[in-house]
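Each remark here refers to the structure printed beneath this line.
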Amino acid sequence: MAAFMDPTWNGRFSHFDLVSTTDERSRSVVRVCDIEIGGDEIVVMAGPCAVESERQLLKTAEAVAEAGARILRGGAYKPRSSPYAFQGLGIEGLKLLRKAREETGLAIVTEVLSEEDVPQVAEYADILQVGARSMENYTLLETLGECGRPVLLKRGMVATLEELLRSAEIIAETGNPHIILCERGIRTFENATRNTLDISAIPVLKAVSHLPVIADPSHAAGVRFLVPILARAAVAVGADGLLVEVHPSPAEALSDGDQSLTFRQFRDMMDDLQPYLAIQQEARQLRPQLLAVSGAD
Ligand code: PEP
Ligand code: MN
């Protein structure tokens, strides 16, 4: 594969020393509780867009755990496009996430919006999410460098991969190498979907960086019927995990109902993914060097 590649292709990423692939460095695995992101297993993170109530969260946590998710997602602090939209339950939401963790054993990923909230969110969450709208909030990124928790860094909706890696480098440079990159769709002229899932971002990021890469088909699609299809595509191109929105009653969701799967749809998605997961996981065990994406050198 290397012979077909322009040797300078990945040169523009190589100045991000801490996050870019080098010959010596094998792939990074981010460990959360007993879960390895970037290892042999493809890790599914699922849950509601926003934590709305105890009942909503606990029911969802149980359903996604039973279907095979390892990590519960749910926003306590919500970055909304409209100032009039639901902004999240804040600390109450974090407490509910902790309760769901205790009851199901799922690890927790939740968004942090500002540097002042980092210590509090780090107390409750296993992974701190940087949303697309915050990808270039450098003060937040620097604070996350010192938070002692893994960071899930989403690609900004108009950010290049180079810019995404620059943000990752800032977190790493301030002391935190435990970073998961997330492709969640970018803004293009196409408006049939909410965003355009940049499917090639996944193998490109894996070629130029040693960090784990996951995909968020929910925010890319914006409509639920596409979510399982994009999830399959992401797994097929080598994603290390998925981030999927699930709600007990999407029609009543306070945010992102149109793209949220019902429990049944999530179960079906997980069942349908099994053959794709099996092939990928087997390939990872048999040919770990594939993960290092040979084309990069
Ligand atoms: C979210 O995960 O709910 C979210 C707000 O995502 P993004 O930052 O990708 O829009
Ligand atoms: Mn959402």
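In the structure tokens, chains take letters A, B, ... by order of appearance, with residues numbered from 1 within each chain and ligands from 1 in the order shown.
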
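For ligand 2, the set of protein, DNA and RNA residues within 7 Å, based on only C-alpha atoms and all ligand atoms, reads A:Cys49, A:Ala50, A:His219, A:Glu245, A:Ser255, A:Asp256.
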
Please return, as a ChimeraX atom specification, all residues of range 39-269 of chain A that DSSP assigns to helix (DSSP H, G or I) on the basis of the backbone. /A:54-67,91-104,115-124,132-134,138-144,161-173,201-208,217-221,224-236,250-252,257-259,263-269

Select from range 175-212 of chain A every residue with an atom at most 12 Å from any atom of range 119-129 of chain A, then for each give the shortest pair of atoms and their distance in Å to one decimal, using only C-alpha atoms, rows by chain and rising number, as CSV.
residue,atom,partner,partner_atom,distance
A:Asn176,CA,A:Leu128,CA,11.9
A:His178,CA,A:Ile127,CA,9.5
A:Ile179,CA,A:Ile127,CA,9.3
A:Ile180,CA,A:Gln129,CA,9.3
A:Leu181,CA,A:Gln129,CA,10.1
A:Cys182,CA,A:Gln129,CA,9.8

I need the chosen residues saved as a JSON list (two decimals), in the first residue's frame, with all heavy atoms.
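Heads up, here's the output in selection_21.json:
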[["chain", "number", "residue", "atom", "x", "y", "z"],
["A", 176, "ASN", "N", -2.37, 15.30, 28.92],
["A", 176, "ASN", "CA", -3.33, 14.20, 28.89],
["A", 176, "ASN", "C", -3.29, 13.47, 27.54],
["A", 176, "ASN", "O", -3.84, 13.94, 26.56],
["A", 176, "ASN", "CB", -4.74, 14.75, 29.14],
["A", 176, "ASN", "CG", -5.78, 13.66, 29.31],
["A", 176, "ASN", "OD1", -5.48, 12.49, 29.11],
["A", 176, "ASN", "ND2", -6.98, 14.06, 29.68],
["A", 178, "HIS", "N", -4.73, 10.65, 26.87],
["A", 178, "HIS", "CA", -5.87, 9.72, 26.75],
["A", 178, "HIS", "C", -7.00, 10.38, 25.98],
["A", 178, "HIS", "O", -7.95, 10.91, 26.57],
["A", 178, "HIS", "CB", -6.31, 9.25, 28.14],
["A", 178, "HIS", "CG", -5.18, 8.74, 28.96],
["A", 178, "HIS", "ND1", -4.47, 7.61, 28.62],
["A", 178, "HIS", "CD2", -4.57, 9.24, 30.05],
["A", 178, "HIS", "CE1", -3.50, 7.42, 29.48],
["A", 178, "HIS", "NE2", -3.53, 8.40, 30.37],
["A", 179, "ILE", "N", -6.88, 10.34, 24.67],
["A", 179, "ILE", "CA", -7.80, 11.08, 23.81],
["A", 179, "ILE", "C", -8.43, 10.13, 22.79],
["A", 179, "ILE", "O", -7.74, 9.31, 22.19],
["A", 179, "ILE", "CB", -7.04, 12.20, 23.05],
["A", 179, "ILE", "CG1", -6.33, 13.12, 24.05],
["A", 179, "ILE", "CG2", -7.99, 13.00, 22.15],
["A", 179, "ILE", "CD1", -5.22, 13.96, 23.41],
["A", 180, "ILE", "N", -9.73, 10.28, 22.60],
["A", 180, "ILE", "CA", -10.46, 9.51, 21.58],
["A", 180, "ILE", "C", -10.99, 10.54, 20.57],
["A", 180, "ILE", "O", -11.64, 11.51, 20.97],
["A", 180, "ILE", "CB", -11.67, 8.78, 22.21],
["A", 180, "ILE", "CG1", -11.21, 7.89, 23.37],
["A", 180, "ILE", "CG2", -12.44, 7.98, 21.17],
["A", 180, "ILE", "CD1", -12.30, 7.64, 24.42],
["A", 181, "LEU", "N", -10.70, 10.32, 19.29],
["A", 181, "LEU", "CA", -11.20, 11.25, 18.26],
["A", 181, "LEU", "C", -12.57, 10.78, 17.79],
["A", 181, "LEU", "O", -12.83, 9.58, 17.73],
["A", 181, "LEU", "CB", -10.23, 11.27, 17.07],
["A", 181, "LEU", "CG", -8.78, 11.66, 17.41],
["A", 181, "LEU", "CD1", -7.89, 11.47, 16.18],
["A", 181, "LEU", "CD2", -8.70, 13.10, 17.90],
["A", 182, "CYS", "N", -13.42, 11.73, 17.43],
["A", 182, "CYS", "CA", -14.77, 11.35, 16.99],
["A", 182, "CYS", "C", -15.19, 12.11, 15.73],
["A", 182, "CYS", "O", -15.25, 13.34, 15.74],
["A", 182, "CYS", "CB", -15.77, 11.61, 18.11],
["A", 182, "CYS", "SG", -17.47, 11.20, 17.67]]

Just want the residues within 9 Å of ligand 1, written as JSON, numbers by chain, counting only C-alpha atoms and all ligand atoms. {"A": [48, 49, 50, 73, 74, 75, 78, 79, 80, 110, 111, 129, 130, 131, 132, 133, 134, 135, 154, 155, 156, 157, 182, 183, 184, 185, 216, 218, 219, 220, 243, 244, 245, 255, 256]}

Kindly save the residues from that selection, with N, CA and C atoms included, as a CSV table (one decimal), in the first residue's frame.
chain,number,residue,atom,x,y,z
A,48,PRO,N,-29.2,8.7,25.8
A,48,PRO,CA,-30.0,9.9,25.3
A,48,PRO,C,-29.1,11.0,24.9
A,49,CYS,N,-29.6,11.9,24.1
A,49,CYS,CA,-28.8,13.1,23.8
A,49,CYS,C,-28.6,13.9,25.1
A,50,ALA,N,-29.7,14.1,25.8
A,50,ALA,CA,-29.7,14.8,27.1
A,50,ALA,C,-30.3,14.0,28.2
A,73,ARG,N,-23.9,7.3,27.3
A,73,ARG,CA,-23.8,8.7,27.0
A,73,ARG,C,-25.0,9.5,27.5
A,74,GLY,N,-24.9,10.8,27.7
A,74,GLY,CA,-26.0,11.6,28.1
A,74,GLY,C,-25.5,13.0,28.5
A,75,GLY,N,-26.1,14.0,27.9
A,75,GLY,CA,-25.6,15.3,28.2
A,75,GLY,C,-26.3,15.9,29.4
A,78,LYS,N,-25.9,21.0,28.0
A,78,LYS,CA,-26.1,20.9,26.6
A,78,LYS,C,-25.7,22.1,25.8
A,79,PRO,N,-24.9,22.0,24.8
A,79,PRO,CA,-24.7,23.1,23.9
A,79,PRO,C,-25.8,23.2,22.9
A,80,ARG,N,-26.7,24.1,22.9
A,80,ARG,CA,-27.8,24.1,22.0
A,80,ARG,C,-27.7,25.2,21.0
A,110,THR,N,-19.9,12.2,29.2
A,110,THR,CA,-20.8,13.3,29.1
A,110,THR,C,-20.0,14.6,28.8
A,111,GLU,N,-20.7,15.5,28.2
A,111,GLU,CA,-20.0,16.7,27.6
A,111,GLU,C,-19.7,17.7,28.7
A,129,GLN,N,-16.5,14.6,27.3
A,129,GLN,CA,-16.7,14.9,25.9
A,129,GLN,C,-16.5,16.4,25.6
A,130,VAL,N,-15.8,16.6,24.5
A,130,VAL,CA,-15.7,18.0,24.0
A,130,VAL,C,-16.6,18.0,22.7
A,131,GLY,N,-17.6,18.8,22.7
A,131,GLY,CA,-18.6,18.8,21.6
A,131,GLY,C,-18.0,19.5,20.4
A,132,ALA,N,-18.7,19.3,19.3
A,132,ALA,CA,-18.3,19.9,18.0
A,132,ALA,C,-18.1,21.4,18.1
A,133,ARG,N,-19.0,22.0,18.9
A,133,ARG,CA,-19.0,23.5,19.0
A,133,ARG,C,-17.8,24.0,19.9
A,134,SER,N,-17.2,23.1,20.6
A,134,SER,CA,-16.1,23.5,21.5
A,134,SER,C,-14.8,23.0,21.0
A,135,MET,N,-14.7,22.4,19.9
A,135,MET,CA,-13.4,21.8,19.5
A,135,MET,C,-12.2,22.8,19.5
A,154,LYS,N,-14.7,15.7,19.8
A,154,LYS,CA,-15.5,15.6,18.5
A,154,LYS,C,-14.9,16.6,17.5
A,155,ARG,N,-15.0,16.2,16.3
A,155,ARG,CA,-14.6,17.1,15.2
A,155,ARG,C,-15.6,18.3,15.1
A,156,GLY,N,-15.1,19.5,15.0
A,156,GLY,CA,-16.0,20.6,14.8
A,156,GLY,C,-16.7,20.5,13.4
A,157,MET,N,-17.9,21.1,13.3
A,157,MET,CA,-18.6,20.9,12.1
A,157,MET,C,-18.0,21.5,10.8
A,182,CYS,N,-13.4,11.7,17.4
A,182,CYS,CA,-14.8,11.3,17.0
A,182,CYS,C,-15.2,12.1,15.7
A,183,GLU,N,-15.5,11.4,14.7
A,183,GLU,CA,-16.1,11.9,13.5
A,183,GLU,C,-17.6,11.9,13.7
A,184,ARG,N,-18.2,13.1,13.6
A,184,ARG,CA,-19.6,13.3,13.8
A,184,ARG,C,-20.4,14.0,12.7
A,185,GLY,N,-19.7,14.0,11.6
A,185,GLY,CA,-20.3,14.7,10.4
A,185,GLY,C,-19.9,16.1,10.3
A,216,ASP,N,-19.8,9.0,15.3
A,216,ASP,CA,-21.2,9.3,15.8
A,216,ASP,C,-22.1,9.4,14.6
A,218,SER,N,-25.3,9.4,14.7
A,218,SER,CA,-26.6,10.1,15.0
A,218,SER,C,-26.5,11.5,14.6
A,219,HIS,N,-25.5,12.2,15.0
A,219,HIS,CA,-25.4,13.7,14.7
A,219,HIS,C,-25.1,13.9,13.2
A,220,ALA,N,-24.4,12.9,12.6
A,220,ALA,CA,-24.2,13.0,11.2
A,220,ALA,C,-25.5,12.9,10.4
A,243,LEU,N,-20.8,6.1,18.8
A,243,LEU,CA,-21.6,6.9,19.8
A,243,LEU,C,-23.0,7.1,19.2
A,244,VAL,N,-24.0,6.6,19.9
A,244,VAL,CA,-25.3,6.5,19.3
A,244,VAL,C,-26.4,7.0,20.3
A,245,GLU,N,-27.3,7.8,19.8
A,245,GLU,CA,-28.3,8.4,20.6
A,245,GLU,C,-29.5,7.4,20.7
A,255,SER,N,-34.3,16.8,23.2
A,255,SER,CA,-33.4,17.2,22.2
A,255,SER,C,-33.0,16.0,21.3
A,256,ASP,N,-32.9,16.3,20.0
A,256,ASP,CA,-32.4,15.3,19.0
A,256,ASP,C,-33.3,14.1,18.9

When you look at range 63-65 of chain A with a cut-off of 12 Å (counting only C-alpha atoms), what residues show up, excluding the ones that are within fewer than 6 positions of it in the same chain? I need them as a ChimeraX atom specification. /A:43-48,56-57,71-73,100-101,103-108,243-248,261-270

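Proximity of A:Tyr84, A:Tyr138, A:Phe16, A:Phe225 to Asp258 in chain A, computed with only C-alpha atoms, is greatest for A:Phe225.
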
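Across A:Leu96, A:Leu286, A:Val51, A:Ile186, the tightest approach to Ala76 in chain A is made by A:Val51 when counting only C-alpha atoms.
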
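Picture a line from CA of Glu162 in chain A to CA of Phe13 in chain A; it runs 6.4 Å.
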
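Nearest to Ala278 in chain A of all the residues A:Gly148, A:Pro83, A:Arg232, A:Asp198 is A:Arg232, based on only C-alpha atoms.
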
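Using only C-alpha atoms, the contacts of Glu52 in chain A at a cut-off of 8 Å, with sequence neighbours closer than 6 positions omitted, comprise Gly88, Leu89, Gly93 and Leu254 of chain A.
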
May I have the selected residues written with N, CA and C atoms, as a compact mmCIF listing (two decimals), in the first residue's frame?
# COMPACT_ATOMS: atom_id res chain seq x y z
N GLY A 88 -30.13 21.40 29.54
CA GLY A 88 -29.61 20.29 30.35
C GLY A 88 -29.87 20.50 31.84
N LEU A 89 -29.77 19.40 32.61
CA LEU A 89 -30.07 19.46 34.04
C LEU A 89 -28.86 19.84 34.89
N GLY A 93 -28.17 16.29 36.47
CA GLY A 93 -27.94 15.32 35.40
C GLY A 93 -26.71 14.47 35.69
N LEU A 254 -36.38 15.84 24.59
CA LEU A 254 -36.19 17.29 24.68
C LEU A 254 -35.12 17.78 23.72
